[in-house]
Amino acid sequence: MVARMKKFSFLVFHSDYNTFLHELRELGMIHVVEQERKALDSEELQRFMAETRRLNEAKKMLEKVTDKKSLLPPNVASIEEGMLLPDRIAEIENEKSTLAQQLQVSLRERESLRPWGNFDPENIERLEEAGYRVNLLVVPDKAYDPEWEERYNAMIIHREGSKSYFVTITKETGLADQLNLEEMKHPELSLLELDKLIVALKKRISEKEEALRQLTTDLPSLEAAIKELNTRIFFTRVAHSATRVADEKLLLLQGWAPAAKEQEITAYLEAQEAYYETAEPQPEDDVPIMFANNRFTRLFEPIAELYMLPKYNEIDLTPFFAPFFMIFFGLALGDIGYGVFLFAGATFASIFMKKKLGKAMIGILRLVQILGASATICGLLTGGFFGFNIYETHIPFFQNMKDQVYFDNQQMFNLSLVLGVIQIMFGLILKIFNRIKQFGFMHALSTIGWVILLMSVIVAFLFPALLAMGGTLHLILMGAAAILIFLFNSPGKNPLLNIGLGLYDTYNMATGLLGDVLSYVRLFALGLSGGILASVFNSLALGLKPDNLIGGSLVFLLIFLFGHAMNIFMTVLGAIVHPMRLTFVEFYKNAEFAGGGKRYNPFRK
């Protein structure tokens with residue numbers, strides 16, 4: 001269910017506004033009504049948001065270079081240190097980028113110099129000072145002219161890839177252009193010096209990477225800085241949400257808080273001598289949503305939030321779909337062994353990893369335990385246990401149980417349809433209360449008519465002795481239902497328009513309800529397909545194992561574990577997705593769930 005909320009209005013003198021906001025944040029219970037547009041126009045907010053993006057990018061960078069196998073001990077969190085980290089990371093990254101560019105240039109130079117071997121470039125300079133021109137030339141093997149050896153003192157240094165690398169020593173200039181040959185520029189460093197430079201550059205790059213990795217010890221500081229900036233962003237958005245009144249001398253701020261906290265909040269505000277007023281929500285108010293469910297229903301809130309939160313003035317459907325979702329998951333998984341595996345795994349994790357897991361994760365594990373227990377119990381209907389059927393054994397206990405709880409395929413098919421009818425009818429009943437709560441009793445009369453009509457047909461079909469199909473009582477009920485459906489579907493409008501809308505509603509109900517009910521067949525189909533696939537893996541494991549005891553056992557175990565691991569993944573995924581589809585489409589639609597609420601987010605650090 002949705003917690004009841006109270007509206008708070010604060011009137012603050014402009015010079016006291018900043019102090020009041022800090023006091024309100026210390027209270028930490030008021031969901032402030034924000035004016036998004038005014039806040040976004042704030043230069044201060046834009047600066048905070050830009051800085052937050054920088055910090056988040058720095059965090060991603062450090063997480064990327066974190067060595068999870070040998071984690072460094074973290075330093076004590078410091079907001080000031082965290083604020084400086086992006087600049088340090090940027091400095092290291094720029095230096096590393098410069099070194100990487102130098103390394104690439106050096107590698108290319110070494111590759112081009114490699115065919116010429118190691119020589120000292122200073123010797124070339126001495127020859128040129130003596131009046132000789134040294135040319136480093138490249139030519140295809142076929143185009144090399146041996147006469148160049150006499151004419152230009154040519155000497156082949158290296159042959160590679162159908163090319164000849166040779167050097168000439170002459171007093172002529174422009175020899176490469178004269179012979180139309182490819183010439184290599186004189187290197188500034190020898191091959192040996194280039195190798196040393198490359199090693200040095202790689203070492204410096206490694207040092208920069210290590211320096212970056214050392215900064216991962218300051219990740220707590222970075223996270224603390226991000227939290228601090230988020231707090232400042234929240235504070236700035238709230239600060240710009242007040243409306244100036246009385247010649248801008250006073251500021252009006254509005255917010256929401258749970259009604260259960262009203263006394264605690266008013267006591268705090270009176271101690272601070274703040275002027276405030278409280279009021280009940282009005283139909284036009286956009287009231288934030290806070291769930292107030294029991295321990296069982298609370299576990300299903302994350303599933304409800306995957307779709308959307310309810311509006312404040314409509315019924316929260318979480319307590320009503322939770323039992324159905326639990327049963328649907330069990331039927332869709334439909335295997336005792338898989339259910340026990342989920343329950344045992346979640347129980348083990350919640351016991352031995354409790355200190356490492358957050359509150360939200362513990363709640364998810366509790367939900368997995370419930371779903372696993374449901375799958376175990378529902379699995380007893382068909383007897384599936386990791387693809388084997390316990391009712392095909394000759395154990396007396398299981399044979400006695402088979403007589404009590406066993407369902408064949410036809411019965412499972414019928415059960416799926418019956419559950420669909422029950423949930424859809426339950427959704428229509430909730431629709432009645434939803435309309436009464438939102439619009440008044442008159443707007444629920446049409447839905448009441450549909451419930452009477454459908455329930456009379458169901459009762460007459462199942463219990464003809466109680467209500468004869470087409471009998472006097474049944475006809476009276478159907479006539480009353482028709483009056484409600486065709487004359488009260490739009491209270492206050494023209495009767496002819498009501499009749500037209502009633503005919504349109506009848507067409508939608510006749511076509512929609514049949515499709516909605518048939519959608520629940522997927523529960524039977526998922527359980528059946530999962531069981532068949534599990535038995536196929538068992539057959540493969542038994543059929544492919546060799547006769548050797550050790551080798552056969554090993555092969556059987558590998559196929560069995562791999563096959564069932566894959567099947568558990570697929571069937572669990574299907575057992576989550578398809579019940580969610582039945583909940584959010586069939587059930588929510590028939591309950592006329594509108595949604596669109598926003599979460600209660602109190603102003604606090």
# chains A, B, ... in the order shown; residues from 1 in each chain; ligands from 1
>>> residues_around(residues="Pro283 of chain A", least_positions_apart="3", cutoff="12 Å", atoms="only C-alpha atoms", output="list of chain:residue names")
A:Glu280, A:Asp286, A:Val287, A:Lys311, A:Tyr312, A:Asn313, A:Glu314, A:Lys437, A:Gln438, A:Phe439
>>> residues_around(residues="Asn75 of chain A", least_positions_apart="4", cutoff="8 Å", atoms="only C-alpha atoms", output="ChimeraX atom specification")
/A:217-218,220-221
>>> closest_residue(among="A:Ala176, A:Ala274, A:Val65, A:Leu194", to="Thr19 of chain A", atoms="only C-alpha atoms")
A:Ala274
>>> residues_around(residues="segment 236-243 of chain A", least_positions_apart="3", cutoff="7 Å", atoms="only C-alpha atoms", output="list in words")
Val32, Val33, Glu34, Gln35, Lys38, Ala39, Leu45, Arg232, Ile233, Leu251, Leu252 and Leu253 of chain A
>>> select_by_dssp(residues="segment 163-285 of chain A", states="strand (DSSP E)", output="VMD selection string")
chain A and resid 163 to 170 182 to 184 243 to 245 250 to 258 275 to 279
>>> select_by_dssp(residues="segment 384-511 of chain A", states="helix (DSSP H, G or I)", output="PyMOL selection string")
chain A and resi 390-392+396-405+409-438+441-462+472-487+495-511
>>> residues_around(residues="Thr173 of chain A", least_positions_apart="3", cutoff="10 Å", atoms="only C-alpha atoms", output="list in words")
Tyr132, Arg133, Val134, Asn135, Thr170, Ala176, Asp177 and Gln178 of chain A
>>> write_last_selection(atoms="N, CA, C and O atoms", output="compact mmCIF listing (two decimals), in the first residue's frame")
# COMPACT_ATOMS: atom_id res chain seq x y z
N TYR A 132 81.63 14.33 -49.42
CA TYR A 132 80.97 13.17 -50.02
C TYR A 132 79.48 13.17 -49.66
O TYR A 132 79.09 13.59 -48.57
N ARG A 133 78.71 12.65 -50.60
CA ARG A 133 77.25 12.54 -50.39
C ARG A 133 76.91 11.07 -50.21
O ARG A 133 77.17 10.24 -51.09
N VAL A 134 76.33 10.73 -49.03
CA VAL A 134 75.94 9.36 -48.73
C VAL A 134 74.43 9.23 -48.97
O VAL A 134 73.64 9.98 -48.40
N ASN A 135 74.05 8.30 -49.86
CA ASN A 135 72.63 8.09 -50.18
C ASN A 135 72.20 6.69 -49.73
O ASN A 135 72.87 5.69 -50.03
N THR A 170 79.14 9.19 -53.19
CA THR A 170 79.63 9.96 -54.35
C THR A 170 79.71 11.43 -53.96
O THR A 170 79.28 11.83 -52.87
N ALA A 176 69.24 10.40 -56.04
CA ALA A 176 67.96 9.68 -55.96
C ALA A 176 67.00 10.18 -57.03
O ALA A 176 66.32 9.39 -57.69
N ASP A 177 66.96 11.50 -57.24
CA ASP A 177 66.08 12.07 -58.28
C ASP A 177 66.59 11.70 -59.67
O ASP A 177 65.80 11.42 -60.58
N GLN A 178 67.90 11.70 -59.79
CA GLN A 178 68.49 11.38 -61.09
C GLN A 178 68.17 9.95 -61.51
O GLN A 178 67.85 9.70 -62.68
>>> residues_around(residues="Gln404 of chain A", least_positions_apart="3", cutoff="12 Å", atoms="only C-alpha atoms", output="list in words")
Leu380, Leu381, Thr382, Gly383, Tyr391, Phe397, Phe398, Gln399, Asn400, Met401 and Phe407 of chain A
>>> residues_around(residues="Asp505 of chain A", least_positions_apart="6", cutoff="12 Å", atoms="only C-alpha atoms", output="list in words")
Ser446, Thr447, Gly449, Trp450, Ala482, Ile485, Phe486, Leu487, Phe488, Asn489, Ser490, Asn498, Ile499, Thr511, Gly512 and Leu513 of chain A
>>> write_last_selection(atoms="N, CA, C and O atoms", output="PDB file, in the first residue's frame")
ATOM      1  N   SER A 446     -20.400   0.642 -13.895  1.00  0.00           N
ATOM      2  CA  SER A 446     -20.233  -0.131 -15.124  1.00  0.00           C
ATOM      3  C   SER A 446     -19.354  -1.362 -14.868  1.00  0.00           C
ATOM      4  O   SER A 446     -19.664  -2.469 -15.320  1.00  0.00           O
ATOM      5  N   THR A 447     -18.264  -1.184 -14.143  1.00  0.00           N
ATOM      6  CA  THR A 447     -17.378  -2.314 -13.828  1.00  0.00           C
ATOM      7  C   THR A 447     -18.082  -3.312 -12.919  1.00  0.00           C
ATOM      8  O   THR A 447     -17.904  -4.533 -13.060  1.00  0.00           O
ATOM      9  N   GLY A 449     -21.195  -3.959 -13.035  1.00  0.00           N
ATOM     10  CA  GLY A 449     -22.037  -4.716 -13.959  1.00  0.00           C
ATOM     11  C   GLY A 449     -21.278  -5.830 -14.645  1.00  0.00           C
ATOM     12  O   GLY A 449     -21.786  -6.961 -14.774  1.00  0.00           O
ATOM     13  N   TRP A 450     -20.057  -5.550 -15.092  1.00  0.00           N
ATOM     14  CA  TRP A 450     -19.252  -6.573 -15.755  1.00  0.00           C
ATOM     15  C   TRP A 450     -18.887  -7.699 -14.788  1.00  0.00           C
ATOM     16  O   TRP A 450     -18.890  -8.878 -15.158  1.00  0.00           O
ATOM     17  N   ALA A 482     -26.546  -5.643 -17.468  1.00  0.00           N
ATOM     18  CA  ALA A 482     -26.658  -4.915 -18.736  1.00  0.00           C
ATOM     19  C   ALA A 482     -27.032  -3.456 -18.505  1.00  0.00           C
ATOM     20  O   ALA A 482     -26.515  -2.541 -19.180  1.00  0.00           O
ATOM     21  N   ILE A 485     -23.941  -1.723 -17.333  1.00  0.00           N
ATOM     22  CA  ILE A 485     -22.918  -1.633 -18.383  1.00  0.00           C
ATOM     23  C   ILE A 485     -23.279  -0.584 -19.421  1.00  0.00           C
ATOM     24  O   ILE A 485     -22.432   0.223 -19.843  1.00  0.00           O
ATOM     25  N   PHE A 486     -24.546  -0.539 -19.833  1.00  0.00           N
ATOM     26  CA  PHE A 486     -24.922   0.313 -20.966  1.00  0.00           C
ATOM     27  C   PHE A 486     -25.440   1.686 -20.562  1.00  0.00           C
ATOM     28  O   PHE A 486     -25.476   2.585 -21.407  1.00  0.00           O
ATOM     29  N   LEU A 487     -25.825   1.878 -19.305  1.00  0.00           N
ATOM     30  CA  LEU A 487     -26.396   3.169 -18.921  1.00  0.00           C
ATOM     31  C   LEU A 487     -25.554   3.936 -17.911  1.00  0.00           C
ATOM     32  O   LEU A 487     -25.815   5.122 -17.672  1.00  0.00           O
ATOM     33  N   PHE A 488     -24.534   3.271 -17.309  1.00  0.00           N
ATOM     34  CA  PHE A 488     -23.770   3.948 -16.265  1.00  0.00           C
ATOM     35  C   PHE A 488     -22.259   3.890 -16.518  1.00  0.00           C
ATOM     36  O   PHE A 488     -21.487   4.044 -15.580  1.00  0.00           O
ATOM     37  N   ASN A 489     -21.862   3.658 -17.782  1.00  0.00           N
ATOM     38  CA  ASN A 489     -20.415   3.598 -18.044  1.00  0.00           C
ATOM     39  C   ASN A 489     -19.782   4.986 -18.083  1.00  0.00           C
ATOM     40  O   ASN A 489     -18.578   5.126 -17.904  1.00  0.00           O
ATOM     41  N   SER A 490     -20.579   6.034 -18.324  1.00  0.00           N
ATOM     42  CA  SER A 490     -20.072   7.410 -18.317  1.00  0.00           C
ATOM     43  C   SER A 490     -21.097   8.278 -17.607  1.00  0.00           C
ATOM     44  O   SER A 490     -21.951   8.918 -18.256  1.00  0.00           O
ATOM     45  N   ASN A 498     -23.968   6.808 -23.744  1.00  0.00           N
ATOM     46  CA  ASN A 498     -23.641   5.711 -22.829  1.00  0.00           C
ATOM     47  C   ASN A 498     -23.844   4.351 -23.490  1.00  0.00           C
ATOM     48  O   ASN A 498     -23.024   3.437 -23.322  1.00  0.00           O
ATOM     49  N   ILE A 499     -24.961   4.227 -24.221  1.00  0.00           N
ATOM     50  CA  ILE A 499     -25.237   2.957 -24.903  1.00  0.00           C
ATOM     51  C   ILE A 499     -24.164   2.665 -25.945  1.00  0.00           C
ATOM     52  O   ILE A 499     -23.669   1.534 -26.065  1.00  0.00           O
ATOM     53  N   THR A 511     -13.426  -9.539 -26.806  1.00  0.00           N
ATOM     54  CA  THR A 511     -12.184  -9.935 -27.499  1.00  0.00           C
ATOM     55  C   THR A 511     -10.985  -9.921 -26.550  1.00  0.00           C
ATOM     56  O   THR A 511     -10.107 -10.780 -26.639  1.00  0.00           O
ATOM     57  N   GLY A 512     -10.953  -8.953 -25.646  1.00  0.00           N
ATOM     58  CA  GLY A 512      -9.793  -8.814 -24.772  1.00  0.00           C
ATOM     59  C   GLY A 512      -9.714  -9.874 -23.700  1.00  0.00           C
ATOM     60  O   GLY A 512      -8.639 -10.426 -23.434  1.00  0.00           O
ATOM     61  N   LEU A 513     -10.846 -10.204 -23.073  1.00  0.00           N
ATOM     62  CA  LEU A 513     -10.825 -11.177 -21.984  1.00  0.00           C
ATOM     63  C   LEU A 513     -10.386 -12.555 -22.456  1.00  0.00           C
ATOM     64  O   LEU A 513      -9.632 -13.248 -21.757  1.00  0.00           O
TER      65      LEU A 513
END
>>> residues_around(residues="Leu55 of chain A", least_positions_apart="2", cutoff="7 Å", atoms="only C-alpha atoms", output="PyMOL selection string")
chain A and resi 51-53+57-59+86+222+226
>>> write_last_selection(atoms="all heavy atoms", output="short mmCIF file (atom, residue, chain, number, x, y, z; two decimals), in the first residue's frame")
data_model
loop_
_atom_site.label_atom_id
_atom_site.label_comp_id
_atom_site.auth_asym_id
_atom_site.auth_seq_id
_atom_site.Cartn_x
_atom_site.Cartn_y
_atom_site.Cartn_z
N GLU A 51 31.28 19.32 -12.79
CA GLU A 51 32.32 18.75 -11.92
C GLU A 51 31.99 17.30 -11.56
O GLU A 51 32.88 16.45 -11.48
CB GLU A 51 32.46 19.60 -10.66
CG GLU A 51 33.61 19.20 -9.75
CD GLU A 51 34.97 19.37 -10.41
OE1 GLU A 51 35.09 20.19 -11.35
OE2 GLU A 51 35.91 18.66 -9.99
N THR A 52 30.70 17.02 -11.36
CA THR A 52 30.29 15.65 -11.06
C THR A 52 30.61 14.72 -12.23
O THR A 52 31.05 13.59 -12.03
CB THR A 52 28.78 15.60 -10.75
OG1 THR A 52 28.50 16.47 -9.66
CG2 THR A 52 28.35 14.19 -10.38
N ARG A 53 30.37 15.20 -13.44
CA ARG A 53 30.71 14.38 -14.62
C ARG A 53 32.21 14.10 -14.67
O ARG A 53 32.62 12.97 -14.98
CB ARG A 53 30.26 15.09 -15.90
CG ARG A 53 28.75 15.02 -16.14
CD ARG A 53 28.40 15.45 -17.55
NE ARG A 53 28.64 16.87 -17.75
CZ ARG A 53 27.73 17.82 -17.55
NH1 ARG A 53 26.53 17.49 -17.11
NH2 ARG A 53 28.01 19.09 -17.76
N GLU A 57 33.84 10.36 -14.48
CA GLU A 57 34.76 9.87 -15.52
C GLU A 57 36.09 9.43 -14.88
O GLU A 57 36.67 8.43 -15.29
CB GLU A 57 35.01 10.97 -16.55
CG GLU A 57 33.80 11.24 -17.45
CD GLU A 57 33.99 12.48 -18.31
OE1 GLU A 57 35.08 13.09 -18.23
OE2 GLU A 57 33.05 12.84 -19.05
N ALA A 58 36.55 10.20 -13.90
CA ALA A 58 37.78 9.82 -13.19
C ALA A 58 37.59 8.49 -12.45
O ALA A 58 38.48 7.64 -12.43
CB ALA A 58 38.19 10.92 -12.22
N LYS A 59 36.41 8.31 -11.86
CA LYS A 59 36.12 7.06 -11.15
C LYS A 59 36.13 5.88 -12.11
O LYS A 59 36.69 4.82 -11.81
CB LYS A 59 34.76 7.18 -10.46
CG LYS A 59 34.39 5.95 -9.64
CD LYS A 59 33.02 6.11 -9.01
CE LYS A 59 32.63 4.83 -8.27
NZ LYS A 59 31.28 4.93 -7.69
N PRO A 86 40.73 14.26 -10.42
CA PRO A 86 40.58 14.36 -11.88
C PRO A 86 41.73 15.09 -12.56
O PRO A 86 42.18 14.69 -13.63
CB PRO A 86 39.26 15.13 -12.03
CG PRO A 86 38.49 14.81 -10.80
CD PRO A 86 39.51 14.72 -9.72
N LEU A 222 37.42 9.78 -3.91
CA LEU A 222 36.66 10.17 -5.11
C LEU A 222 35.17 9.95 -4.90
O LEU A 222 34.33 10.79 -5.26
CB LEU A 222 37.16 9.35 -6.30
CG LEU A 222 36.83 9.86 -7.71
CD1 LEU A 222 37.31 11.28 -7.90
CD2 LEU A 222 37.46 8.95 -8.74
N ILE A 226 32.16 12.73 -4.88
CA ILE A 226 30.95 12.61 -5.71
C ILE A 226 29.71 12.76 -4.85
O ILE A 226 28.75 13.46 -5.21
CB ILE A 226 30.95 11.27 -6.46
CG1 ILE A 226 32.05 11.24 -7.52
CG2 ILE A 226 29.60 11.01 -7.12
CD1 ILE A 226 32.26 9.89 -8.17
#
>>> closest_residue(among="A:Arg213, A:Asp316, A:Tyr275, A:Ala344", to="Asn293 of chain A", atoms="only C-alpha atoms")
A:Asp316
>>> closest_atom_pairs(of="segment 365-433 of chain A", to="segment 531-536 of chain A", cutoff="9 Å", atoms="only C-alpha atoms", output="CSV")
residue,atom,partner,partner_atom,distance
A:Gly384,CA,A:Gly531,CA,6.7
A:Phe385,CA,A:Gly531,CA,8.6
A:Phe386,CA,A:Ala534,CA,6.2
A:Gly387,CA,A:Ser535,CA,4.2
A:Phe388,CA,A:Ser535,CA,6.4
>>> atom_distance(atom1="atom CA of Ile351 of chain A", atom2="atom CA of Phe296 of chain A")
19.1 Å
>>> closest_residue(among="A:Met455, A:Leu445, A:Arg244, A:Asn567", to="Met469 of chain A", atoms="only C-alpha atoms")
A:Met455
>>> decode(residues="segment 378-406 of chain A", atoms="N, CA, C and O atoms", output="compact mmCIF listing (two decimals), in the first residue's frame")
# COMPACT_ATOMS: atom_id res chain seq x y z
N CYS A 378 5.29 -26.22 -6.24
CA CYS A 378 4.59 -26.41 -7.52
C CYS A 378 5.16 -27.58 -8.30
O CYS A 378 4.45 -28.22 -9.08
N GLY A 379 6.45 -27.84 -8.10
CA GLY A 379 7.07 -28.98 -8.79
C GLY A 379 6.49 -30.31 -8.34
O GLY A 379 6.52 -31.30 -9.09
N LEU A 380 5.93 -30.35 -7.13
CA LEU A 380 5.30 -31.58 -6.64
C LEU A 380 4.07 -31.95 -7.46
O LEU A 380 3.66 -33.12 -7.48
N LEU A 381 3.47 -30.97 -8.15
CA LEU A 381 2.28 -31.27 -8.96
C LEU A 381 2.62 -32.19 -10.12
O LEU A 381 1.80 -33.04 -10.51
N THR A 382 3.81 -32.01 -10.70
CA THR A 382 4.20 -32.84 -11.85
C THR A 382 5.28 -33.87 -11.48
O THR A 382 5.50 -34.82 -12.22
N GLY A 383 5.99 -33.64 -10.36
CA GLY A 383 6.98 -34.60 -9.91
C GLY A 383 8.35 -34.46 -10.54
O GLY A 383 9.19 -35.34 -10.36
N GLY A 384 8.62 -33.36 -11.27
CA GLY A 384 9.92 -33.19 -11.90
C GLY A 384 11.02 -32.89 -10.90
O GLY A 384 10.85 -32.05 -10.01
N PHE A 385 12.14 -33.60 -11.02
CA PHE A 385 13.30 -33.37 -10.16
C PHE A 385 14.55 -33.49 -11.02
O PHE A 385 15.02 -34.58 -11.32
N PHE A 386 15.08 -32.35 -11.47
CA PHE A 386 16.22 -32.31 -12.39
C PHE A 386 15.98 -33.22 -13.60
O PHE A 386 16.86 -33.96 -14.04
N GLY A 387 14.76 -33.15 -14.14
CA GLY A 387 14.45 -33.90 -15.34
C GLY A 387 13.95 -35.30 -15.11
O GLY A 387 13.42 -35.94 -16.02
N PHE A 388 14.12 -35.83 -13.90
CA PHE A 388 13.59 -37.14 -13.54
C PHE A 388 12.23 -36.95 -12.88
O PHE A 388 11.94 -35.90 -12.31
N ASN A 389 11.39 -37.95 -12.95
CA ASN A 389 10.06 -37.87 -12.35
C ASN A 389 10.01 -38.75 -11.11
O ASN A 389 10.17 -39.98 -11.18
N ILE A 390 9.79 -38.13 -9.96
CA ILE A 390 9.81 -38.89 -8.70
C ILE A 390 8.62 -39.84 -8.60
O ILE A 390 8.66 -40.83 -7.85
N TYR A 391 7.56 -39.55 -9.37
CA TYR A 391 6.38 -40.42 -9.31
C TYR A 391 6.53 -41.68 -10.17
O TYR A 391 5.67 -42.54 -10.15
N GLU A 392 7.61 -41.75 -10.95
CA GLU A 392 7.88 -42.96 -11.73
C GLU A 392 8.74 -43.96 -10.96
O GLU A 392 9.05 -45.03 -11.46
N THR A 393 9.16 -43.56 -9.76
CA THR A 393 9.91 -44.48 -8.91
C THR A 393 8.93 -45.39 -8.17
O THR A 393 7.71 -45.18 -8.18
N HIS A 394 9.46 -46.41 -7.52
CA HIS A 394 8.62 -47.35 -6.79
C HIS A 394 8.68 -47.11 -5.28
O HIS A 394 8.41 -48.02 -4.50
N ILE A 395 9.03 -45.89 -4.91
CA ILE A 395 9.09 -45.55 -3.48
C ILE A 395 7.66 -45.32 -2.99
O ILE A 395 6.93 -44.50 -3.55
N PRO A 396 7.22 -46.04 -1.97
CA PRO A 396 5.82 -45.93 -1.50
C PRO A 396 5.40 -44.51 -1.13
O PRO A 396 4.26 -44.10 -1.40
N PHE A 397 6.31 -43.75 -0.52
CA PHE A 397 5.97 -42.37 -0.11
C PHE A 397 5.55 -41.53 -1.32
O PHE A 397 4.54 -40.82 -1.28
N PHE A 398 6.35 -41.63 -2.40
CA PHE A 398 6.05 -40.85 -3.61
C PHE A 398 4.80 -41.37 -4.31
O PHE A 398 4.05 -40.60 -4.91
N GLN A 399 4.57 -42.67 -4.24
CA GLN A 399 3.36 -43.21 -4.86
C GLN A 399 2.11 -42.74 -4.12
O GLN A 399 1.09 -42.42 -4.74
N ASN A 400 2.19 -42.66 -2.80
CA ASN A 400 1.06 -42.13 -2.03
C ASN A 400 0.85 -40.64 -2.32
O ASN A 400 -0.29 -40.17 -2.43
N MET A 401 1.96 -39.90 -2.46
CA MET A 401 1.86 -38.49 -2.77
C MET A 401 1.26 -38.27 -4.16
O MET A 401 0.49 -37.33 -4.38
N LYS A 402 1.60 -39.15 -5.11
CA LYS A 402 1.07 -39.04 -6.46
C LYS A 402 -0.45 -39.09 -6.46
O LYS A 402 -1.12 -38.35 -7.18
N ASP A 403 -1.00 -39.96 -5.64
CA ASP A 403 -2.46 -40.07 -5.58
C ASP A 403 -3.10 -38.81 -5.03
O ASP A 403 -4.28 -38.53 -5.31
N GLN A 404 -2.34 -38.01 -4.27
CA GLN A 404 -2.90 -36.82 -3.62
C GLN A 404 -2.69 -35.55 -4.43
O GLN A 404 -3.61 -34.71 -4.49
N VAL A 405 -1.51 -35.37 -5.02
CA VAL A 405 -1.18 -34.05 -5.59
C VAL A 405 -0.83 -34.08 -7.07
O VAL A 405 -0.68 -33.01 -7.67
N TYR A 406 -0.67 -35.23 -7.68
CA TYR A 406 -0.18 -35.29 -9.06
C TYR A 406 -1.20 -34.69 -10.05
O TYR A 406 -2.39 -34.96 -9.97
